[in-house]
Each structure stands twice: as structure tokens, then as C-alpha cells.
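Shown below: structure.cif, with mmCIF, C-alpha atoms.
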```cif
data_my_file
loop_
_atom_site.label_atom_id
_atom_site.label_comp_id
_atom_site.auth_asym_id
_atom_site.auth_seq_id
_atom_site.Cartn_x
_atom_site.Cartn_y
_atom_site.Cartn_z
CA MET A 1 -72.72 -75.41 -101.93
CA ASN A 2 -76.28 -76.21 -102.84
CA SER A 3 -77.06 -79.27 -104.83
CA THR A 4 -80.26 -80.26 -106.44
CA THR A 5 -81.37 -83.76 -107.20
CA THR A 6 -83.83 -84.77 -109.85
CA PRO A 7 -86.40 -87.19 -108.50
CA VAL A 8 -86.53 -90.50 -110.26
CA LYS A 9 -89.95 -91.37 -111.55
CA ASP A 10 -91.17 -94.80 -110.50
CA GLU A 11 -92.02 -96.83 -113.61
CA ARG A 12 -94.84 -98.53 -111.72
CA ILE A 13 -96.88 -95.30 -111.74
CA ASN A 14 -96.36 -94.51 -115.43
CA ARG A 15 -99.61 -94.01 -117.25
CA VAL A 16 -100.57 -96.93 -119.47
CA SER A 17 -102.67 -96.43 -122.57
CA SER A 18 -106.06 -98.09 -123.02
CA LEU A 19 -104.69 -100.13 -125.93
CA THR A 20 -101.84 -101.46 -123.81
CA ARG A 21 -104.24 -102.43 -121.04
CA ALA A 22 -106.43 -104.21 -123.58
CA MET A 23 -103.45 -106.06 -125.04
CA ARG A 24 -102.58 -107.34 -121.58
CA ARG A 25 -105.99 -108.98 -121.27
CA PRO A 26 -105.86 -112.78 -121.75
CA GLU A 27 -108.74 -112.73 -124.25
CA PHE A 28 -107.33 -109.99 -126.52
CA GLY A 29 -105.61 -112.39 -128.91
CA ALA A 30 -108.67 -114.66 -129.01
CA LEU A 31 -110.87 -111.71 -129.97
CA ILE A 32 -108.59 -110.84 -132.88
CA GLY A 33 -108.49 -114.50 -133.93
CA ALA A 34 -112.28 -114.88 -133.76
CA VAL A 35 -112.82 -111.81 -135.95
CA ALA A 36 -110.18 -112.93 -138.46
CA ILE A 37 -111.51 -116.48 -138.75
CA PHE A 38 -115.10 -115.26 -139.02
CA ILE A 39 -114.18 -112.92 -141.89
CA MET A 40 -112.23 -115.70 -143.58
CA PHE A 41 -115.21 -118.05 -143.60
CA VAL A 42 -117.62 -115.31 -144.66
CA LEU A 43 -115.42 -114.80 -147.73
CA ALA A 44 -114.98 -118.57 -148.29
CA ASP A 45 -118.69 -119.38 -147.86
CA LYS A 46 -120.07 -120.90 -151.06
CA SER A 47 -123.69 -121.05 -149.90
CA GLY A 48 -124.01 -117.43 -148.83
CA GLU A 49 -125.65 -118.55 -145.59
CA PHE A 50 -122.78 -118.37 -143.11
CA PHE A 51 -123.26 -114.65 -142.51
CA THR A 52 -126.97 -115.04 -141.74
CA LEU A 53 -128.97 -115.70 -138.59
CA GLY A 54 -129.39 -119.31 -139.66
CA GLY A 55 -125.64 -119.73 -140.07
CA THR A 56 -125.03 -118.03 -136.72
CA ALA A 57 -127.48 -120.42 -135.08
CA ARG A 58 -125.50 -123.39 -136.38
CA TRP A 59 -122.03 -122.32 -135.29
CA SER A 60 -123.22 -120.88 -131.99
CA GLU A 61 -124.77 -124.21 -130.98
CA VAL A 62 -121.45 -126.00 -131.53
CA ALA A 63 -119.65 -123.22 -129.68
CA SER A 64 -122.12 -123.31 -126.78
CA TYR A 65 -121.48 -126.95 -125.85
CA THR A 66 -117.72 -126.39 -126.10
CA GLY A 67 -118.02 -123.04 -124.33
CA ILE A 68 -119.90 -124.37 -121.31
CA MET A 69 -117.16 -126.92 -120.77
CA ALA A 70 -114.33 -124.53 -121.67
CA ILE A 71 -115.39 -122.10 -118.92
CA ALA A 72 -115.20 -124.80 -116.25
CA VAL A 73 -111.96 -126.19 -117.69
CA ALA A 74 -110.50 -122.67 -117.77
CA LEU A 75 -111.29 -122.13 -114.09
CA LEU A 76 -109.62 -125.43 -113.30
CA MET A 77 -106.57 -124.53 -115.41
CA ILE A 78 -106.31 -121.12 -113.76
CA GLY A 79 -106.27 -123.10 -110.51
CA GLY A 80 -103.29 -125.05 -111.83
CA GLU A 81 -104.96 -128.39 -112.65
CA PHE A 82 -106.28 -130.41 -115.63
CA ASP A 83 -109.20 -132.79 -116.04
CA LEU A 84 -108.73 -135.29 -118.86
CA SER A 85 -111.97 -137.06 -117.89
CA SER A 86 -114.12 -134.04 -118.81
CA GLY A 87 -114.87 -135.36 -122.30
CA ILE A 88 -115.95 -138.85 -121.29
CA MET A 89 -117.93 -137.33 -118.40
CA VAL A 90 -120.24 -135.72 -120.97
CA GLY A 91 -121.01 -139.15 -122.38
CA SER A 92 -121.17 -140.83 -118.97
CA THR A 93 -123.67 -138.35 -117.56
CA GLY A 94 -125.76 -138.57 -120.72
CA LEU A 95 -125.88 -142.34 -120.27
CA VAL A 96 -126.77 -142.00 -116.59
CA VAL A 97 -129.75 -139.72 -117.26
CA GLY A 98 -130.83 -142.00 -120.12
CA LEU A 99 -130.64 -145.19 -118.05
CA LEU A 100 -132.44 -143.65 -115.10
CA ILE A 101 -135.30 -142.64 -117.40
CA THR A 102 -135.55 -145.66 -119.70
CA LYS A 103 -134.50 -148.56 -117.46
CA LEU A 104 -135.36 -147.45 -113.94
CA HIS A 105 -138.34 -145.36 -115.06
CA TRP A 106 -137.42 -142.31 -113.02
CA ASP A 107 -139.17 -139.02 -113.57
CA THR A 108 -137.10 -136.86 -115.94
CA TRP A 109 -136.46 -134.18 -113.30
CA ALA A 110 -135.41 -136.80 -110.74
CA ALA A 111 -133.10 -138.37 -113.32
CA ILE A 112 -131.52 -134.98 -114.03
CA LEU A 113 -130.98 -134.35 -110.31
CA GLY A 114 -129.52 -137.84 -109.88
CA THR A 115 -127.15 -137.21 -112.79
CA PHE A 116 -125.85 -134.01 -111.22
CA VAL A 117 -125.28 -135.88 -107.96
CA PHE A 118 -123.35 -138.57 -109.85
CA ALA A 119 -121.21 -135.89 -111.53
CA ALA A 120 -120.53 -134.17 -108.21
CA LEU A 121 -119.33 -137.46 -106.73
CA ILE A 122 -116.95 -138.10 -109.63
CA GLY A 123 -115.61 -134.55 -109.41
CA THR A 124 -115.13 -134.86 -105.66
CA MET A 125 -113.30 -138.14 -106.14
CA ASN A 126 -110.97 -136.62 -108.75
CA GLY A 127 -110.22 -133.59 -106.58
CA TYR A 128 -109.74 -135.61 -103.41
CA LEU A 129 -107.34 -138.04 -105.10
CA VAL A 130 -105.30 -135.16 -106.53
CA VAL A 131 -104.91 -133.32 -103.22
CA ARG A 132 -104.56 -136.49 -101.14
CA THR A 133 -102.06 -138.43 -103.26
CA LYS A 134 -100.31 -135.32 -104.64
CA LEU A 135 -100.16 -137.08 -108.00
CA PRO A 136 -100.42 -134.86 -111.08
CA SER A 137 -104.04 -134.25 -112.02
CA PHE A 138 -103.07 -135.35 -115.52
CA ILE A 139 -102.49 -138.89 -114.21
CA VAL A 140 -105.47 -139.05 -111.85
CA THR A 141 -108.02 -137.84 -114.39
CA LEU A 142 -106.48 -139.91 -117.18
CA ALA A 143 -107.14 -142.95 -115.02
CA THR A 144 -110.70 -141.76 -114.40
CA MET A 145 -111.18 -141.29 -118.13
CA PHE A 146 -110.21 -144.87 -118.93
CA VAL A 147 -112.26 -146.30 -116.06
CA LEU A 148 -115.37 -144.41 -117.19
CA ARG A 149 -114.80 -145.28 -120.82
CA GLY A 150 -114.53 -148.99 -120.04
CA PHE A 151 -117.47 -148.83 -117.64
CA ASN A 152 -119.61 -147.09 -120.23
CA LEU A 153 -118.99 -149.73 -122.85
CA GLY A 154 -119.03 -152.80 -120.60
CA PHE A 155 -121.88 -151.91 -118.27
CA ILE A 156 -124.19 -150.48 -120.94
CA TYR A 157 -123.73 -153.52 -123.15
CA LEU A 158 -124.27 -155.88 -120.20
CA TRP A 159 -127.50 -154.12 -119.21
CA THR A 160 -128.99 -153.23 -122.59
CA GLY A 161 -127.30 -155.55 -125.08
CA THR A 162 -126.18 -152.49 -127.08
CA VAL A 163 -123.74 -149.63 -126.66
CA ARG A 164 -126.37 -146.89 -126.72
CA VAL A 165 -129.44 -145.77 -124.83
CA ASP A 166 -132.51 -144.81 -126.87
CA GLY A 167 -136.01 -143.56 -126.17
CA ILE A 168 -135.10 -140.98 -123.54
CA ASP A 169 -138.18 -138.97 -124.52
CA VAL A 170 -140.49 -141.52 -122.84
CA GLY A 171 -139.75 -140.06 -119.41
CA THR A 172 -142.40 -138.26 -117.39
CA HIS A 173 -142.04 -134.47 -117.67
CA TYR A 174 -139.64 -134.90 -120.59
CA THR A 175 -141.28 -132.04 -122.52
CA ALA A 176 -140.76 -129.54 -119.69
CA ALA A 177 -137.14 -130.59 -119.21
CA HIS A 178 -136.53 -130.49 -122.95
CA LYS A 179 -137.79 -126.92 -123.09
CA ILE A 180 -135.22 -125.77 -120.52
CA PHE A 181 -132.24 -127.84 -121.62
CA ALA A 182 -132.63 -128.67 -125.31
CA SER A 183 -135.22 -126.51 -127.05
CA THR A 184 -134.71 -123.95 -129.83
CA LEU A 185 -135.49 -120.24 -129.85
CA PHE A 186 -136.18 -117.50 -132.39
CA GLU A 187 -137.79 -119.64 -135.06
CA PRO A 188 -137.28 -120.20 -137.93
CA TYR A 189 -133.57 -119.65 -137.20
CA ALA A 190 -133.58 -122.28 -134.43
CA PHE A 191 -131.02 -120.90 -132.00
CA SER A 192 -130.29 -123.53 -129.35
CA VAL A 193 -131.23 -122.73 -125.76
CA SER A 194 -127.73 -123.98 -124.91
CA VAL A 195 -126.47 -120.60 -126.20
CA ILE A 196 -128.39 -118.87 -123.39
CA TRP A 197 -126.83 -121.25 -120.86
CA TRP A 198 -123.40 -120.55 -122.37
CA ILE A 199 -123.77 -116.77 -122.15
CA GLY A 200 -125.13 -116.99 -118.61
CA LEU A 201 -122.30 -119.21 -117.41
CA THR A 202 -119.74 -116.92 -119.05
CA ILE A 203 -121.13 -114.02 -117.03
CA ILE A 204 -121.14 -116.08 -113.83
CA GLY A 205 -117.60 -117.36 -114.43
CA SER A 206 -116.34 -113.84 -115.07
CA TRP A 207 -118.05 -112.55 -111.95
CA VAL A 208 -116.56 -115.31 -109.81
CA LEU A 209 -113.03 -114.66 -111.10
CA THR A 210 -113.11 -110.88 -110.87
CA ARG A 211 -115.54 -110.02 -108.07
CA THR A 212 -115.36 -112.74 -105.44
CA LYS A 213 -112.96 -114.08 -102.85
CA ALA A 214 -113.20 -117.48 -104.53
CA GLY A 215 -111.83 -115.96 -107.73
CA ASN A 216 -108.81 -114.60 -105.86
CA TRP A 217 -108.30 -118.03 -104.32
CA ILE A 218 -108.40 -119.72 -107.73
CA SER A 219 -105.76 -117.41 -109.19
CA ALA A 220 -103.62 -117.65 -106.06
CA VAL A 221 -103.74 -121.46 -105.99
CA GLY A 222 -102.77 -121.65 -109.65
CA GLY A 223 -100.02 -119.07 -109.32
CA ASP A 224 -98.27 -120.50 -106.27
CA ALA A 225 -100.11 -123.06 -104.13
CA ASN A 226 -97.56 -122.94 -101.29
CA ALA A 227 -97.67 -119.16 -101.04
CA ALA A 228 -101.47 -119.25 -101.19
CA ARG A 229 -101.58 -121.82 -98.39
CA ASN A 230 -99.28 -119.67 -96.24
CA THR A 231 -101.64 -116.71 -96.61
CA GLY A 232 -104.65 -118.71 -95.45
CA VAL A 233 -106.16 -119.77 -98.79
CA PRO A 234 -107.98 -123.16 -98.49
CA VAL A 235 -105.97 -124.76 -101.30
CA LYS A 236 -107.36 -128.29 -101.02
CA ARG A 237 -110.99 -127.19 -100.82
CA THR A 238 -110.54 -124.82 -103.76
CA LYS A 239 -109.04 -127.51 -105.96
CA ILE A 240 -111.73 -130.06 -105.08
CA LEU A 241 -114.50 -127.56 -105.82
CA LEU A 242 -112.92 -126.79 -109.19
CA PHE A 243 -112.98 -130.47 -110.12
CA VAL A 244 -116.62 -130.68 -109.00
CA THR A 245 -117.43 -127.63 -111.15
CA THR A 246 -115.89 -129.27 -114.21
CA SER A 247 -117.85 -132.49 -113.67
CA MET A 248 -121.08 -130.57 -113.12
CA ALA A 249 -120.54 -128.64 -116.35
CA ALA A 250 -120.02 -131.97 -118.13
CA ALA A 251 -123.29 -133.21 -116.63
CA LEU A 252 -125.09 -130.14 -117.94
CA VAL A 253 -123.80 -130.72 -121.48
CA GLY A 254 -124.47 -134.47 -121.25
CA ILE A 255 -128.07 -133.84 -120.16
CA MET A 256 -128.56 -131.27 -122.92
CA GLN A 257 -127.35 -133.65 -125.61
CA ALA A 258 -129.30 -136.63 -124.26
CA LEU A 259 -132.55 -134.67 -124.15
CA LYS A 260 -131.95 -133.08 -127.56
CA PHE A 261 -131.20 -136.27 -129.46
CA THR A 262 -133.24 -138.63 -127.17
CA SER A 263 -130.38 -141.13 -127.38
CA ILE A 264 -126.71 -141.32 -126.48
CA GLN A 265 -123.83 -143.65 -127.32
CA ALA A 266 -121.30 -145.14 -124.93
CA GLY A 267 -118.44 -143.45 -126.80
CA GLN A 268 -119.95 -139.97 -126.64
CA GLY A 269 -117.45 -137.27 -125.65
CA VAL A 270 -114.30 -139.36 -126.13
CA GLY A 271 -111.45 -137.04 -127.10
CA GLU A 272 -113.46 -133.86 -126.55
CA GLU A 273 -111.47 -133.02 -123.42
CA PHE A 274 -108.68 -131.76 -125.68
CA THR A 275 -111.13 -129.51 -127.52
CA TYR A 276 -112.12 -127.92 -124.21
CA ILE A 277 -108.49 -127.42 -123.21
CA ILE A 278 -107.72 -125.93 -126.63
CA ALA A 279 -110.61 -123.48 -126.27
CA ALA A 280 -109.29 -122.38 -122.87
CA VAL A 281 -105.70 -122.04 -124.10
CA VAL A 282 -106.74 -120.19 -127.25
CA GLY A 283 -108.67 -117.87 -124.94
CA GLY A 284 -105.49 -116.98 -123.05
CA CYS A 285 -105.24 -119.52 -120.20
CA LEU A 286 -101.71 -120.51 -119.32
CA LEU A 287 -100.84 -124.19 -118.99
CA THR A 288 -98.86 -123.29 -115.88
CA GLY A 289 -101.95 -121.88 -114.13
CA GLY A 290 -102.77 -118.59 -112.47
CA PHE A 291 -103.79 -116.70 -115.61
CA GLY A 292 -106.89 -116.65 -117.82
CA THR A 293 -110.52 -115.56 -118.02
CA ALA A 294 -113.94 -117.09 -118.58
CA ILE A 295 -114.56 -114.62 -121.41
CA GLY A 296 -111.36 -115.76 -123.10
CA ALA A 297 -112.42 -119.40 -122.86
CA SER A 298 -115.77 -118.51 -124.44
CA MET A 299 -114.02 -116.68 -127.26
CA GLY A 300 -111.86 -119.75 -127.80
CA ALA A 301 -115.03 -121.84 -128.02
CA SER A 302 -116.46 -119.36 -130.52
CA ILE A 303 -113.40 -119.82 -132.73
CA ILE A 304 -113.89 -123.59 -132.65
CA GLY A 305 -117.61 -123.31 -133.46
CA ILE A 306 -116.96 -120.87 -136.31
CA ALA A 307 -114.19 -123.07 -137.72
CA PHE A 308 -116.10 -126.36 -137.58
CA ILE A 309 -119.26 -124.99 -139.18
CA GLY A 310 -117.37 -122.59 -141.46
CA ILE A 311 -115.46 -125.49 -143.03
CA SER A 312 -118.78 -127.10 -143.94
CA PHE A 313 -120.21 -123.87 -145.40
CA ALA A 314 -117.00 -123.34 -147.39
CA GLY A 315 -117.43 -126.76 -148.97
CA TRP A 316 -114.16 -128.08 -147.62
CA ASN A 317 -113.66 -131.68 -146.56
CA THR A 318 -114.68 -131.88 -142.88
CA ASP A 319 -111.96 -134.49 -142.32
CA TRP A 320 -109.68 -131.46 -142.01
CA ASN A 321 -111.51 -130.16 -138.93
CA TYR A 322 -108.96 -131.30 -136.38
CA ALA A 323 -105.97 -130.35 -138.53
CA PHE A 324 -107.44 -126.86 -138.66
CA LEU A 325 -108.00 -126.98 -134.89
CA GLY A 326 -104.34 -127.80 -134.31
CA ALA A 327 -103.28 -124.92 -136.53
CA ILE A 328 -105.60 -122.57 -134.63
CA LEU A 329 -104.09 -123.69 -131.32
CA PHE A 330 -100.53 -123.05 -132.43
CA ALA A 331 -101.35 -119.72 -134.09
CA ALA A 332 -103.46 -118.45 -131.19
CA VAL A 333 -100.90 -119.30 -128.52
CA SER A 334 -98.14 -117.69 -130.60
CA VAL A 335 -100.17 -114.52 -131.15
CA ASN A 336 -101.26 -114.34 -127.49
CA THR A 337 -97.68 -114.74 -126.31
CA ALA A 338 -96.33 -112.12 -128.72
CA ILE A 339 -99.06 -109.61 -127.85
CA ARG A 340 -98.64 -110.10 -124.11
CA ARG A 341 -94.85 -109.73 -124.28
CA ARG A 342 -95.18 -106.59 -126.36
CA ALA A 343 -97.76 -105.12 -123.98
CA GLU A 344 -95.71 -105.91 -120.88
CA GLY A 345 -92.69 -104.27 -122.45
CA THR A 346 -94.62 -101.14 -123.41
CA LYS A 347 -94.54 -98.28 -120.95
CA LYS A 348 -97.18 -96.11 -122.56
#
```
Would you mind writing the structure in this file as C-alpha cells?
Amino acid sequence: MNSTTTPVKDERINRVSSLTRAMRRPEFGALIGAVAIFIMFVLADKSGEFFTLGGTARWSEVASYTGIMAIAVALLMIGGEFDLSSGIMVGSTGLVVGLLITKLHWDTWAAILGTFVFAALIGTMNGYLVVRTKLPSFIVTLATMFVLRGFNLGFIYLWTGTVRVDGIDVGTHYTAAHKIFASTLFEPYAFSVSVIWWIGLTIIGSWVLTRTKAGNWISAVGGDANAARNTGVPVKRTKILLFVTTSMAAALVGIMQALKFTSIQAGQGVGEEFTYIIAAVVGGCLLTGGFGTAIGASMGASIIGIAFIGISFAGWNTDWNYAFLGAILFAAVSVNTAIRRRAEGTKK
């Protein structure tokens, strides 16, 4: 008696539509949110300038500072860690470059290099303490945040008699450094050069995550550090380098702001670490690590820039900025979660 059996098709080799693949991308929900919020503020704009090159220049500058930091914070979050000192590091590095120029009379380029070295040391310290003590990075970097905040206020006041550093533009070669880090482009629309840095770092961050061994290490460490260690991934070194990257990104933003405004206050950057984390989460990064993209973090930053400047153009009270930011966070995470669950449950 002959019997025939019908082969069972393996679900893993089912064809998946392009839309489903797109929905599974971490940044898909952020893209939808960015488009929706942009349209909302175009319609709410009372000045008629939001949907112009001048309006784009304004929101893109805000987004660029947040985006540069959000990319580094996203990489760190994908690696399974947090850095709550990232906000105060922007202010601290701005103060360092300002003091080196105005009080120690360093050349502007030397002061910038010294500031990056300072940031690298702080990042290395954060990373080393996390991997050495095995304490949550939340606790370690929270401690760093308070130490830097107190140091900024106490030391700056002791040295200068004020809580700010002024006159940064007196440094030798300031004009050349300003052109690279703080100038404007495409006059009369005045796009900030920080937007170019932001786009470039988004490309680099995406390349690292998707095309390099380091990117695989970052995702593996954030997904399961023990499993990654057992397969030969240098977990400790990867985590330390991620903390250094975050501090170096903060130094870049701190230098940009110091050179742009030629002054910086001791409280600069306080609380901004949550904005960077929000941008990364809105862009699809998971708080549990192992999932996210640099492009998503940049889209999250775009949403924040559009919202903050859009509120002003709409004539709304800017005191509502952070209430709106909280609503964006909740809505974006809910949408991202729903879309991802739907995509993962879709076979075609």
C-alpha cells in the first residue's frame, strides 16, 4: 500500500512582503511620527514660515544637537547601558574648552583637543566603573552627573567669581574653529553646520551597526552579555568604548555651543540626558538593549526639533514643550510596539 505525505512548509522560509520588512525596522514608527507631527505644525503655523527653508533651518539646528547625542546614546542603549551624565557632560566640556581658552590662554585648537581628551577620560572612567563594579550604569553615571554638576558650579565660581565663562572668541584661531564647529551655511537661511555633523554621524553610526564587527558586538552585548562573552565577544572593551563614544559626542556638542555663543553657563545641559534617551527610544531603541538603529535615533531627534520649534511657530506657550515631549514619548513607544508586534505576527 503506497502512501504519500505532504511536505510541511517551514514558516521560516515564507516570503515576507516589503511592507512587513519595513514595519519590522526600528525606525518605521519614528518615520510615521515625524511626518505626522511635521504636518500638524505646518497646519498650526500662524506665521506661515515653518514650511520654509528658514523654518527648516531653525528646527534642524535644535534637532542636530539632540541628534548627535542621540546617536551615541542609542549605540550605548543597544549595548545594554545608560549614561545619565551625558547631559551635564555637554556643559562640562563647554566649560573646559572655555576655561582653557580664556583663563589658561591655550590656542583654540589645543583647547578643543584637550577637551576631547577630558571627555575620553570621563567616558573611560564611567565604562571601567560599570564593568569593574558590576553596578548598574544608571547608578554609576548618576553619580558622575552629580559630581560634575557640583564641580561645575563650585570650581567655576571659585576660579572666576561667576557661574559662567565668557569671551571664548578671544582665543587664537577661534575664527577657523568657529567655521568648522559653529558656522552657518546657505545664507540667508542660516543652516547650522551642526546639521552636517549630525548627518555625517548618522551615516557613520549606521555603518558601524550594520557593516562592521563592532556593530555585531554591540548588538550581541546588549542582547545577552553572557552569551556574547562565551562566543568570544570582548564585552568589557565594547562597553567601555561605548561610554567613551557618548562622552566624546557630548564634547562635540559642548564645543559647538561654546564656540557658537562664545559663553557657557555652569548649568548647561542639566536634564538634557533624558531628551537624548527619549530621542533614542522614540527612534525604536529598546530599554532592554540589543535593538535599535542610528537612523531611528536621528528621526527621534527630528521629532523633538520639529516639536520644540513648531510650538513656537504655532504661537503656543513654550512652557508646554516638555509636556508635549512626554506625550510624544508615550505615543511613539506605543505605536512602535504595536507596529512591531503586528509585523512579527504577519507571515506575508
(message) Counting all atoms listed in the file, I want the residues whose atoms come within 10 Å of (-117.4, -129.2, -108.6) in the file frame, returned as a PyMOL selection string.
(response) chain A and resi 72+76+119-124+126-127+238-249
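Between CA of Thr160 (chain A) and CA of Glu272 (chain A) lies a distance of 25.1 Å.
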(request) Select, from A:Val90, A:Ala70, A:Leu99, A:Leu153, the residue with the minimum atom-to-atom distance to Gly300 (chain A), counting all atoms listed in the file. (result)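 Among the listed residues, the smallest separation from Gly300 (chain A) belongs to A:Ala70.
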(request) Would you translate the PyMOL selection byres ((chain A and resi 279-282) around 7) into the concrete set of residues it matches in this file, as a count of residues only? (result) 19
(message) Could you tell me, as a list in words, exactly which residues end up selected when the PyMOL selection byres ((chain A and resi 190) around 10) is applied to this structure?
(response)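 Expected selection for the PyMOL selection byres ((chain A and resi 190) around 10) here is Leu53, Gly54, Thr56, Ala57, Arg58, Glu61, Ser183, Thr184, Leu185, Phe186, Glu187, Pro188, Tyr189, Phe191, Ser192 and Val193 of chain A.
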